[in-house]
Each structure stands twice: as structure tokens, then as C-alpha cells.
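Q: If you scroll down you'll find the structure; I have some questions about it.
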Amino acid sequence: MERRTILFKKSKLHGEFFMQGDIACAEGAIAAGCRFFGGYPITPASEIAERMAMRLPLLDGVFVQFEDEIASMAAILGASWAGAKSMTATSGPGISLMNENIGLGMMMESPCVIVNVQRGSPSTGLPTLWGQSDMMQARWGSHGDYGVIALCPKSPQELFDLTIKAFNHAEKYRLPVFILTDAIVGHMTEKVVIPPVEELHIVDRKYTSKSPEEYFPYEVGEDLIPEFAKAGDGYRYHSTGLTHDKRGYPDMTVEGQFECVPRLTEKIRKHEDEIIELEERDIDGADVVVVCYGITARTVFPAIEMAKKAGIKVGYLRLITVWPFPEKRIRELSQKVKGFVVPELNLGQMVREVERCAARYATVRLLPHPGGGIHDFQEIFNAIKEVADE
Amino acid sequence: MKYWENPFGQPKPKTVRGEIHIIPNRCKGCNFCIEYCPNKVLEISGEFNEKGYHPPFIAHPEKCCYCGLCEVICPDFAIFVTEKKESGSAADGKENHLVQEK
Amino acid sequence: MNDISQEMISEDLRHPMEDLLRMDRIPHIWCSGCGLGGCVNAFAAGIRKAGIDYNKVALVSGIGCTGRVAGYVKMDSYHTTHGRAIPFATGLKLANRELTVVVFSGDGDLFAIGGNHLIHAARRNVDINVICVNNFIYGMTGGQNAPTTPLKAYSSTAPYGNYEQPFNLVGLAAASGASFVARWTSLHLRRLTESIAQAACKKGFCFIEIITPCATVFARKNRGGTGLELLKDFGRRTVIDHSADPQKIPLTMDNEIVCGTFVNEDRPTFWENVQAGIHEKVAKNADWEEIQSHGTRRLTKRSTTRW
């Protein structure tokens, strides 16, 4: 067998590794079938690009380092329309640049994955230190109304697993999906177990089985998700960022806007229950629930242990999917608990969602941190105690 | 005059002639076809189309030499030419060839 | 004057380009006297002449009057954001290398907001064809200054005349490393068709500039006339010279417009370079074990299984 073919076959990883988070993310993408990566160097996400540069060409994939993040985002949309699973990785400043094309991806309903390895913000901020201050940007970054799926891993193993899940969501719901990690998880090296590909659950986009005469690119059924046809298959359709009708043609009228835009939010809301994932511990009977995500989900543990020893009934709720936000669960819990404690490595972003859903039935206590470090667990303990004592 | 051989292998010289077809309701009155016809076959008509423009009309159909420039220069795809067969065209005797736009 | 409302003849007669146009969207939005329709005509004829399967052509455009071309041509077409047609097309082409990808966009879209993407795509020699319709102005938004607006020309954001030197588009494309660079006007439609057919069959970054009249804004503000007047002016000023140096043929309001095919070379494309690089590494017995586990440490002694 030609040596090149042997390399392709042997080039997929399987086993247990001591692996950096960024590298685990790249491996997760490859395991999910990603064969196009367009990126631009930015601390702390450059390692993902470097890993892809090394691995993709051997798998007959495409790696291009573009001239800026804007080009990277446009290119992964183009690759997606050619049928490839595509991904880009960047940090806060890059997402700011990519926002216009993220809006294009949402409007054209192109499946792709965007990794945001968050760092100290705003602006150039702290390039080598972490933060969690791009949570709202993922939801509201681009102009206009659209639905968003964003996943938040807490370890390199989860970065591997959630990258695969992000691709599955992107393919199923046809939109750019965010992975919001931070520089700690991205640069942390931990044990990552990579299972053989047969054991992975991988979803591909739904290609249409209609003929070119019957096919309309944005015609939807009950599930509000249109069927896909890639360029070169003979469908000769048109796709545009303008408000469009089911044929993909621009329809710049009020009725057209009603037809086209609310569905982008509805299709996520409709499938919320399948998308939302939470990790809950000791919620039943808890007085205080700590709502956390990402790296703070690990740093709260000493505080929770101290609180438990002090006899406080404290629960732990980790948001694995940050967007769509688990409104129903928080509303439900707000009737049962005294309060929520929300430690975040930002000056209050996800806490607004918790406050909105708790709606004064429960206290919500924010522990802000501008980024670059982690919370002092004594402060978290004090906050839990104060909420419990109310 | 005696020829050594028949030019182009034909008993007598044949000129290619074209039959022009105009779709008046697509015309936006830019006058490109009128200006650039090499034989000045087309002229502005005094009639209006649906949009209020003056489409061209074929003033000298016998002069059309099937160059196709009007067809390719028209920005609105409102005029095209077909080759006129020797035995006569579908519209024998008609001087103005108009196509219904569907 | 003949009566144009005579009875209709055979309904089998259709415009020959209709199979390449989305007839449910004709008539298009372009103004009377706009050269864009002619460019689309030449493009369709060029693709037909090149003999490429219409199902394998993808058209990407940006925003602007020229950006609307994607909506009227019956191929897989994408109307993307302002200036980002070229990286979108790069992604499309590299992910499916059987496609013939054409970028059809305007001078402002490709050289102002999209300038960075153009020079890098030309540098990489990605195998896409870029057709830039240069009307010297931003037409769709009402006639603002463009990077190609000649010095002293009037536009809505240059009411006292343009103070800036314009770009020489063919010079920029050639300097960035394009394999094929040509300039035509929308009067030279036969030669344009030939150029487009040539570019579509040629590998590497192919750039064609088409100088077109903008009737409603540029012509009105500058020549005081119609699109036809401007087109006649272009025709008068044009000189065809294939041996001209693309760096030395800028455009001003009154100088001669030098048209022709200025660069037509064979250079390795981006993908060819990628393949050559991989092959070289493979041929030199690369330690693939090292490649795949670089940066990680295997914890178990199990060797990599084939799956």
C-alpha cells in the first residue's frame, strides 16, 4: 500500500494521553470529521491552529492560516457550503472581528464551529491570562436577532468531548456553534481519553433527497431546520445574507422579515430541551445553589466543601451549555432555594440571566472578578454563608 | 466575368443574415444596441413599453449581418438574433420580430 | 414608426442566455445604461465557451450593484458580506477542488474593504477567478467615493472633487502575484468572453477588471450624461496593448484606457504547493508517530490502532 495511504489510515489518534486543552480541542474536531480549518494566530488559541496545521494535511484536510480573523470566518462558511465540516479558533479580539460573518453564518444557516479561548478583556487586555468575559458577546455579538448555541468545557477531556458535541449541534441545527473555553482550560495539560471512532456519536448534516426542481434551500418542515445541498451537486440554488424567502432569493419586505428571521431564534428554542446540558450535584433540598461554568466550576469546590462542613445545604449547578440558557431549570429552582451564588471571571454577565430567571423569588449574589486570576474560595464561602443566612 | 473556381465552394456568394427578436417589455431604453450596431439596423421607436421606455425597432432588417453584438451588449437580455435561413424564416414577410415575454 | 404591438411569433424563441439566468428574477434591478448586464452576458457566454459543466460552477459575490450578479445567474451562487467574497470563495474552492469558483464583485467591495483579502489570495495563488467590475464609484449606496474614483472626479462624498489618487487595479493584482491579469471594458464583450473562458480554464488566481459605465451616479455627476455617453467615451479612449506593463497603466478621467491581457503565467497554486510539501515530507520517511503525538505524552503502552 502506498505510504501516503498508510499515513492517512494510521493518523487518527486513539488511547489515553497527557494532553493540553487546545490540542484536545483540535483532536476532538478531527475525530468529529472536521477537515477544514481557517485560523489566525492569537494567544491563547494558536496551539489549536498549530495542531490542525500538523494533522489536517495528512488526513487530506485543508489548513490555511488566513490574513485575519475576518477571512478565517468567511472561509469556514465557504468550506461549509462546499460540504466540509469546518472550524476556526480564536480569542476575544478575534470574535469581535468575526462578528459580521458570524451573522452571515447565522442568516445563511451554515454549520461550523467557532472556538473562543477567552482571555483578559476588553481590547488587547491580558493576552496570556484568562477570563470569562465574552459570554454575552457570544449571544449578542452580531447585529440582529438569532439563536445561539454555546458550550463551556471545564477540562481538556471535556474540551475534546464538547468539540465533538459542538460539531453535532452545528450539523443538526445548521448554525455556527461556539465553544467558550478560557486560557486556563486551553493551556492546561491533563489526562484525555480518546476512544476509538466507533464509540463516538457523530452527526452529519441532513442532505436533501429532493430533485433540483423541487428543492428550495430554506424550505422547512416541523423541525424548522432546512435541508442542505452543497455546491457542485447540481442544485444551483442561491443563498444570501439579505432577508430571503424559501427559494433563497432576497425578499426585502416586512412579510419576508417575518418569514425569515424569527425562525433563526425559534429553531433553537424549539429544541432547547435536547440541547441544554447541566451538571447538578446536591440540588435537592439545597438552600443555596452555586451556578458556575468553565474553570470557576472547578475553583468553587473548596468553598463548597467548607460550606458543607459548616452545615450549609449547598448545591452545585454547572452550565455545560451556556446558550441557550437553562431558563426553565433556574425558574424552577428559584421557587425552592433561598438564593444563587454566581462566581464569574467577569464583572457580571451570566448573572444577568440568572437574575432574570430567578425574578426576585430567590436572591442572586454575584462574585465578579475582572479576569487574570481565580476567586479566593474564602470569598465564595462567605457569599454562600450570607445567602444561606438570609 | 469568369471565375477560376467558385468562391467558398458556393455557386454564388452567400451572406449571413440575421433575424432580430426584441422583447420590448424588458428594454430599459439605454440605446446601446442602436449605437453599436455596425450596420445601423436598429432605431429608437416612438412607442412606449410597459415601463415607459422607447424600445428599438428594426428599421433595416435586410442589413442585419448576424454579428450578435446587440444580443451581447444589451444589459437587459431584451434583444437576440437568430440566423436567417435561406428558405425564409418563421415570420416570412414580417418586418418586426417581437417575442412575448413569459 | 412601426407599431410594436404586433402579434407575437413563435414562443419557442428565447434569449440564448436564459438557461443560465434565473428568469423568475428578470428584469433585474440595474439601471438603464448600466454596463453590468453586458458583463453578465459576457460571463455566461465565457463559461459556456469554456465548456465547463454549469453544475460545477460556484459564483460568489459581495455587496453592491455588482454583488447582485449572484442573484441573477443560475448557478450555485452566494451573496456574502461586503468585501469577504474572496475568502468565502477560497474556502469553497479548497474544500471542493472540483468546483470552478468565480468571484464577481465591484471595485469598492474587492479593493477597499476587501483589499487585504485580494492581495493575500493573489499571493497564495488560490485557484479562483476574480472578475472585478470597475465603475469608479460606490453605485448601490448612492455614489460615494471609491478607491478607483479618478482624481478630481465628483462623487457624493467628494463634492469638491476627489482628493485621492486611485488604485491601479491591474497593477495591484499583478504585483500581488496573480497568474492571469486582464483589463477590458464592457464594450469589448467578445474579447471579454474570450478572457473569461481562458481564466476559467486556467489554474491559479485569475483577475479580470471590467470597466463599466455607471449611468445613474458616476456618469451623471461627471460627464453630465447617460451611460451611453460614458460608454462611448470609454470606447474612444481605449487602446489594446497586451504587452503593456500593468504597473504603468493607471486610469484618470481623460487618459487612454489600456486594455489587454497583461499577465498570463503558470505558477503553482496554493493546493499544489500543499501537496508538494506533504509528499516531500512523506517521501523522506517522516516519523509519523512523532507527528501525531507531538505535544502529548502517551500514558498507556497500547500502540495506535487502525480505525
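A note on labels: chains of the C-alpha cells are A, B, ... as shown, every chain counts residues from 1, and ligands are counted from 1 in their shown order.
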Enumerate as number ranges by chain all residues of region 194-243 of chain C assigned to helix (DSSP H, G or I) by DSSP on the backbone, naming them with the chain letters and numbers the document uses.
A: C: 194-201, 215-223, 227-237
Q: Give me a file of those residues, with C-alpha atoms, as an mmCIF file, in the first residue's frame.
A:
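result-v1.cif written:
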data_model
loop_
_atom_site.group_PDB
_atom_site.id
_atom_site.type_symbol
_atom_site.label_atom_id
_atom_site.label_comp_id
_atom_site.auth_asym_id
_atom_site.auth_seq_id
_atom_site.Cartn_x
_atom_site.Cartn_y
_atom_site.Cartn_z
ATOM 1 C CA GLU C 194 -12.609 35.013 -24.519
ATOM 2 C CA SER C 195 -10.754 36.252 -21.438
ATOM 3 C CA ILE C 196 -13.307 34.773 -19.065
ATOM 4 C CA ALA C 197 -13.197 31.444 -20.883
ATOM 5 C CA GLN C 198 -9.422 31.496 -20.664
ATOM 6 C CA ALA C 199 -9.419 32.404 -16.959
ATOM 7 C CA ALA C 200 -11.980 29.748 -16.088
ATOM 8 C CA CYS C 201 -9.806 27.053 -17.645
ATOM 9 C CA ALA C 215 -25.254 55.717 -15.549
ATOM 10 C CA THR C 216 -27.115 56.966 -12.533
ATOM 11 C CA VAL C 217 -24.265 58.238 -10.406
ATOM 12 C CA PHE C 218 -20.839 58.401 -11.966
ATOM 13 C CA ALA C 219 -21.952 59.426 -15.452
ATOM 14 C CA ARG C 220 -24.461 61.899 -14.167
ATOM 15 C CA LYS C 221 -22.084 63.569 -11.746
ATOM 16 C CA ASN C 222 -19.080 63.596 -14.003
ATOM 17 C CA ARG C 223 -19.878 63.501 -17.652
ATOM 18 C CA GLY C 227 -24.468 55.517 -19.552
ATOM 19 C CA LEU C 228 -24.232 55.520 -23.344
ATOM 20 C CA GLU C 229 -22.168 58.747 -23.341
ATOM 21 C CA LEU C 230 -19.774 57.259 -20.825
ATOM 22 C CA LEU C 231 -19.514 54.030 -22.757
ATOM 23 C CA LYS C 232 -18.738 55.942 -25.945
ATOM 24 C CA ASP C 233 -16.100 57.854 -24.014
ATOM 25 C CA PHE C 234 -14.515 54.601 -22.864
ATOM 26 C CA GLY C 235 -14.617 53.324 -26.426
ATOM 27 C CA ARG C 236 -12.864 56.440 -27.726
ATOM 28 C CA ARG C 237 -10.128 56.258 -25.123
#
Q: Let's see if you can do this: from backbone DSSP, list all strand (DSSP E) residues in region 4-179 of chain C, as a list of chain:residue names.
A: C:Val57, C:Ala58, C:Leu59, C:Val60, C:Ser61, C:Asp76, C:Ser77, C:Tyr78, C:His79, C:Thr100, C:Val101, C:Val102, C:Val103, C:Phe104, C:Ser105, C:Gly106, C:Asn129, C:Val130, C:Ile131, C:Cys132, C:Val133, C:Asn134
Q: Looking at A:Trp130, A:Tyr218, A:Phe160, A:Tyr316, which one is nearest to Gln20 (chain A), with distances taken over only C-alpha atoms?
A: A:Phe160
Q: Excluding region 17-20 of chain B and any residue of its chain fewer than 4 positions from it, enumerate the residues within 6 Å of it, using only C-alpha atoms, and give them as a list in words.
A: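 Near neighbours after the sequence-gap exclusion: Cys64, Cys65, Tyr66, Phe80, Val81, Thr82, Glu83 and Lys84 of chain B.
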Q: How would the residues just chosen look if you wrote them out with C-alpha atoms as a PDB file, in the first residue's frame?
A:
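See part_4.pdb below for the written result:
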ATOM      1  CA  CYS B  64     -28.542  42.670 -40.344  1.00  0.00           C
ATOM      2  CA  CYS B  65     -25.366  40.616 -40.741  1.00  0.00           C
ATOM      3  CA  TYR B  66     -25.819  38.354 -37.679  1.00  0.00           C
ATOM      4  CA  PHE B  80     -31.302  38.475 -29.555  1.00  0.00           C
ATOM      5  CA  VAL B  81     -30.528  37.313 -33.057  1.00  0.00           C
ATOM      6  CA  THR B  82     -31.016  34.048 -34.852  1.00  0.00           C
ATOM      7  CA  GLU B  83     -29.589  33.091 -38.177  1.00  0.00           C
ATOM      8  CA  LYS B  84     -31.917  33.699 -41.056  1.00  0.00           C
TER       9      LYS B  84
END
Q: Produce a table with one row for each residue of region 84-125 of chain A that has an atom at most 12 Å from any atom of region 345-362 of chain A, each row naming the nearest atom pair and its distance in Å at one decimal; use only C-alpha atoms; arrange rows by chain and rising residue number; format as a tab-separated table.
A:
residue	atom	partner	partner_atom	distance
A:Gln118	CA	A:Leu345	CA	10.4
A:Arg119	CA	A:Leu345	CA	10.1
A:Gly120	CA	A:Asn346	CA	9.1
A:Ser121	CA	A:Asn346	CA	9.0
A:Pro122	CA	A:Asn346	CA	10.5
Q: Between CA of Ala53 (chain A) and CA of Gly21 (chain A), what is the spacing in Å?
A: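 Value for the CA of Gly21 (chain A)-CA of Ala53 (chain A) distance: 16.4 Å.
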Q: Just the residues within 6 Å of region 164-177 of chain A, please, counting only C-alpha atoms, with nothing from its chain fewer than 2 positions along; format it as a VMD selection string.
A: chain A and resid 28 32 106 109 to 113 149 to 150 161 to 162 203 to 205
Q: If the cut-off is 8 Å, can you tell me the residues of chain A near chain C, counting only C-alpha atoms? I'd like them as JSON, numbers by chain.
A: {"A": [3, 4, 7, 9, 10, 11, 12, 13, 14, 15, 16, 17, 18, 19, 20, 23, 36, 54, 55, 57, 58, 62, 67, 70, 71, 72, 74, 75, 76, 77, 78, 79, 80, 81, 82, 83, 84, 100, 101, 104, 196, 197, 231, 232, 233, 234, 235, 236, 237, 238, 239, 240, 241, 249]}
Q: Store the residues picked out above in a file with N, CA and C atoms, as a compact mmCIF listing (two decimals), in the first residue's frame.
A:
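The resulting file, part_20.txt, is shown below:
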# COMPACT_ATOMS: atom_id res chain seq x y z
N ARG A 3 2.67 4.53 0.83
CA ARG A 3 2.97 5.01 2.19
C ARG A 3 2.03 6.13 2.61
N ARG A 4 1.61 6.94 1.62
CA ARG A 4 0.74 8.06 1.94
C ARG A 4 -0.59 7.56 2.48
N LEU A 7 -0.24 6.46 5.98
CA LEU A 7 -0.23 7.59 6.90
C LEU A 7 -1.63 8.07 7.19
N LYS A 9 -4.35 6.41 7.14
CA LYS A 9 -5.09 5.47 7.97
C LYS A 9 -4.57 5.48 9.40
N LYS A 10 -3.27 5.59 9.55
CA LYS A 10 -2.74 5.48 10.91
C LYS A 10 -2.77 6.80 11.65
N SER A 11 -3.20 7.85 10.94
CA SER A 11 -3.01 9.16 11.52
C SER A 11 -4.10 9.58 12.48
N LYS A 12 -4.99 8.68 12.84
CA LYS A 12 -6.04 9.03 13.79
C LYS A 12 -5.65 8.51 15.17
N LEU A 13 -5.80 9.36 16.14
CA LEU A 13 -5.35 9.02 17.48
C LEU A 13 -6.37 8.20 18.24
N HIS A 14 -5.88 7.37 19.12
CA HIS A 14 -6.77 6.58 19.96
C HIS A 14 -5.95 6.14 21.17
N GLY A 15 -6.47 6.36 22.36
CA GLY A 15 -5.71 5.95 23.54
C GLY A 15 -5.85 6.97 24.66
N GLU A 16 -5.01 6.84 25.65
CA GLU A 16 -5.01 7.78 26.78
C GLU A 16 -3.79 8.66 26.67
N PHE A 17 -3.99 9.93 26.82
CA PHE A 17 -2.89 10.87 26.62
C PHE A 17 -2.85 11.89 27.73
N PHE A 18 -1.69 12.43 27.93
CA PHE A 18 -1.50 13.58 28.80
C PHE A 18 -1.40 14.75 27.83
N MET A 19 -2.49 15.49 27.75
CA MET A 19 -2.63 16.36 26.59
C MET A 19 -3.09 17.75 26.99
N GLN A 20 -2.62 18.75 26.24
CA GLN A 20 -3.01 20.12 26.51
C GLN A 20 -4.44 20.35 26.02
N ILE A 23 -4.85 21.24 22.31
CA ILE A 23 -4.60 20.09 21.44
C ILE A 23 -5.78 19.12 21.51
N PHE A 36 -11.57 21.12 7.56
CA PHE A 36 -11.17 22.43 7.07
C PHE A 36 -10.98 23.32 8.28
N MET A 54 -0.58 20.64 11.63
CA MET A 54 0.21 19.43 11.60
C MET A 54 -0.62 18.23 11.17
N ARG A 55 -1.88 18.16 11.65
CA ARG A 55 -2.64 16.93 11.45
C ARG A 55 -3.49 16.92 10.18
N PRO A 57 -3.30 18.15 7.01
CA PRO A 57 -2.84 17.78 5.66
C PRO A 57 -2.64 16.28 5.49
N LEU A 58 -2.32 15.58 6.60
CA LEU A 58 -2.12 14.14 6.48
C LEU A 58 -3.44 13.39 6.37
N VAL A 62 -7.81 20.46 4.89
CA VAL A 62 -7.24 21.73 4.44
C VAL A 62 -6.98 22.60 5.66
N GLU A 67 -5.18 35.79 6.46
CA GLU A 67 -4.57 37.09 6.75
C GLU A 67 -5.21 37.80 7.93
N ILE A 70 -11.27 37.81 10.03
CA ILE A 70 -12.45 38.02 9.21
C ILE A 70 -12.42 37.04 8.04
N ALA A 71 -11.23 36.93 7.41
CA ALA A 71 -11.09 35.98 6.31
C ALA A 71 -11.30 34.56 6.79
N SER A 72 -10.79 34.24 8.01
CA SER A 72 -10.96 32.88 8.53
C SER A 72 -12.43 32.53 8.63
N ALA A 74 -15.02 33.92 7.07
CA ALA A 74 -15.66 33.82 5.76
C ALA A 74 -15.29 32.51 5.09
N ALA A 75 -14.03 32.11 5.24
CA ALA A 75 -13.58 30.89 4.58
C ALA A 75 -14.24 29.65 5.16
N ILE A 76 -14.42 29.61 6.50
CA ILE A 76 -15.04 28.39 7.03
C ILE A 76 -16.51 28.32 6.62
N LEU A 77 -17.14 29.47 6.38
CA LEU A 77 -18.50 29.42 5.85
C LEU A 77 -18.50 28.87 4.44
N GLY A 78 -17.54 29.34 3.62
CA GLY A 78 -17.45 28.83 2.25
C GLY A 78 -17.20 27.33 2.24
N ALA A 79 -16.28 26.88 3.10
CA ALA A 79 -15.98 25.45 3.15
C ALA A 79 -17.20 24.66 3.58
N SER A 80 -17.98 25.23 4.48
CA SER A 80 -19.19 24.56 4.94
C SER A 80 -20.17 24.38 3.80
N TRP A 81 -20.27 25.38 2.94
CA TRP A 81 -21.19 25.25 1.80
C TRP A 81 -20.66 24.30 0.74
N ALA A 82 -19.35 24.03 0.76
CA ALA A 82 -18.82 23.02 -0.15
C ALA A 82 -18.97 21.62 0.45
N GLY A 83 -19.52 21.52 1.66
CA GLY A 83 -19.79 20.22 2.25
C GLY A 83 -18.84 19.79 3.35
N ALA A 84 -17.81 20.61 3.64
CA ALA A 84 -16.84 20.18 4.65
C ALA A 84 -17.28 20.61 6.03
N GLU A 100 -19.38 40.09 12.09
CA GLU A 100 -20.23 40.31 10.93
C GLU A 100 -20.46 39.00 10.17
N ASN A 101 -19.38 38.25 10.01
CA ASN A 101 -19.51 36.98 9.28
C ASN A 101 -20.21 35.91 10.11
N LEU A 104 -23.53 36.44 9.18
CA LEU A 104 -23.79 35.84 7.86
C LEU A 104 -24.02 34.35 7.99
N PRO A 196 -11.99 4.93 20.46
CA PRO A 196 -11.98 4.63 19.02
C PRO A 196 -13.21 5.24 18.36
N VAL A 197 -13.09 5.49 17.07
CA VAL A 197 -14.13 6.26 16.40
C VAL A 197 -15.49 5.57 16.41
N ALA A 231 -22.60 22.95 -2.78
CA ALA A 231 -22.26 23.48 -4.09
C ALA A 231 -21.66 22.38 -4.93
N GLY A 232 -22.05 22.31 -6.18
CA GLY A 232 -21.47 21.32 -7.08
C GLY A 232 -22.32 20.08 -7.24
N ASP A 233 -23.45 20.01 -6.49
CA ASP A 233 -24.30 18.83 -6.60
C ASP A 233 -25.38 18.98 -7.64
N GLY A 234 -25.41 20.13 -8.33
CA GLY A 234 -26.40 20.29 -9.39
C GLY A 234 -27.67 20.98 -8.97
N TYR A 235 -27.71 21.49 -7.72
CA TYR A 235 -28.95 22.14 -7.29
C TYR A 235 -29.05 23.59 -7.74
N ARG A 236 -27.91 24.22 -7.96
CA ARG A 236 -27.88 25.58 -8.50
C ARG A 236 -28.83 26.52 -7.77
N TYR A 237 -28.64 26.57 -6.44
CA TYR A 237 -29.51 27.44 -5.63
C TYR A 237 -28.76 28.73 -5.35
N HIS A 238 -29.49 29.64 -4.74
CA HIS A 238 -28.88 30.91 -4.36
C HIS A 238 -29.01 31.08 -2.87
N SER A 239 -27.96 31.58 -2.26
CA SER A 239 -28.02 31.79 -0.82
C SER A 239 -27.49 33.19 -0.53
N THR A 240 -28.16 33.93 0.33
CA THR A 240 -27.76 35.31 0.53
C THR A 240 -27.87 35.72 1.99
N GLY A 241 -27.12 36.75 2.35
CA GLY A 241 -27.23 37.31 3.70
C GLY A 241 -28.38 38.30 3.81
N TYR A 249 -33.92 33.63 -2.46
CA TYR A 249 -33.85 34.92 -3.15
C TYR A 249 -34.13 36.04 -2.15
Q: Which residue gives the smallest distance to Glu62 (chain B) among B:Asn25, B:Thr15, B:Asn31, B:Ser45, with only C-alpha atoms counted?
A: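 Of B:Asn25, B:Thr15, B:Asn31, B:Ser45, the one nearest Glu62 (chain B), counting only C-alpha atoms, is B:Thr15.
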Q: Neighbours of Lys51 (chain B) within 10 Å (only C-alpha atoms; same-chain residues fewer than 6 positions away dropped), as a list in words?
A: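 Listing them by chain and then by number gives Pro24, Asn25, Arg26, Cys27, Lys28 and Gly29 of chain B.
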Q: From the set C:Arg123, C:Ala42, C:Ser243, C:Tyr138, which residue has the shortest atom-to-atom contact distance to Phe66 (chain A), counting only C-alpha atoms?
A: C:Arg123
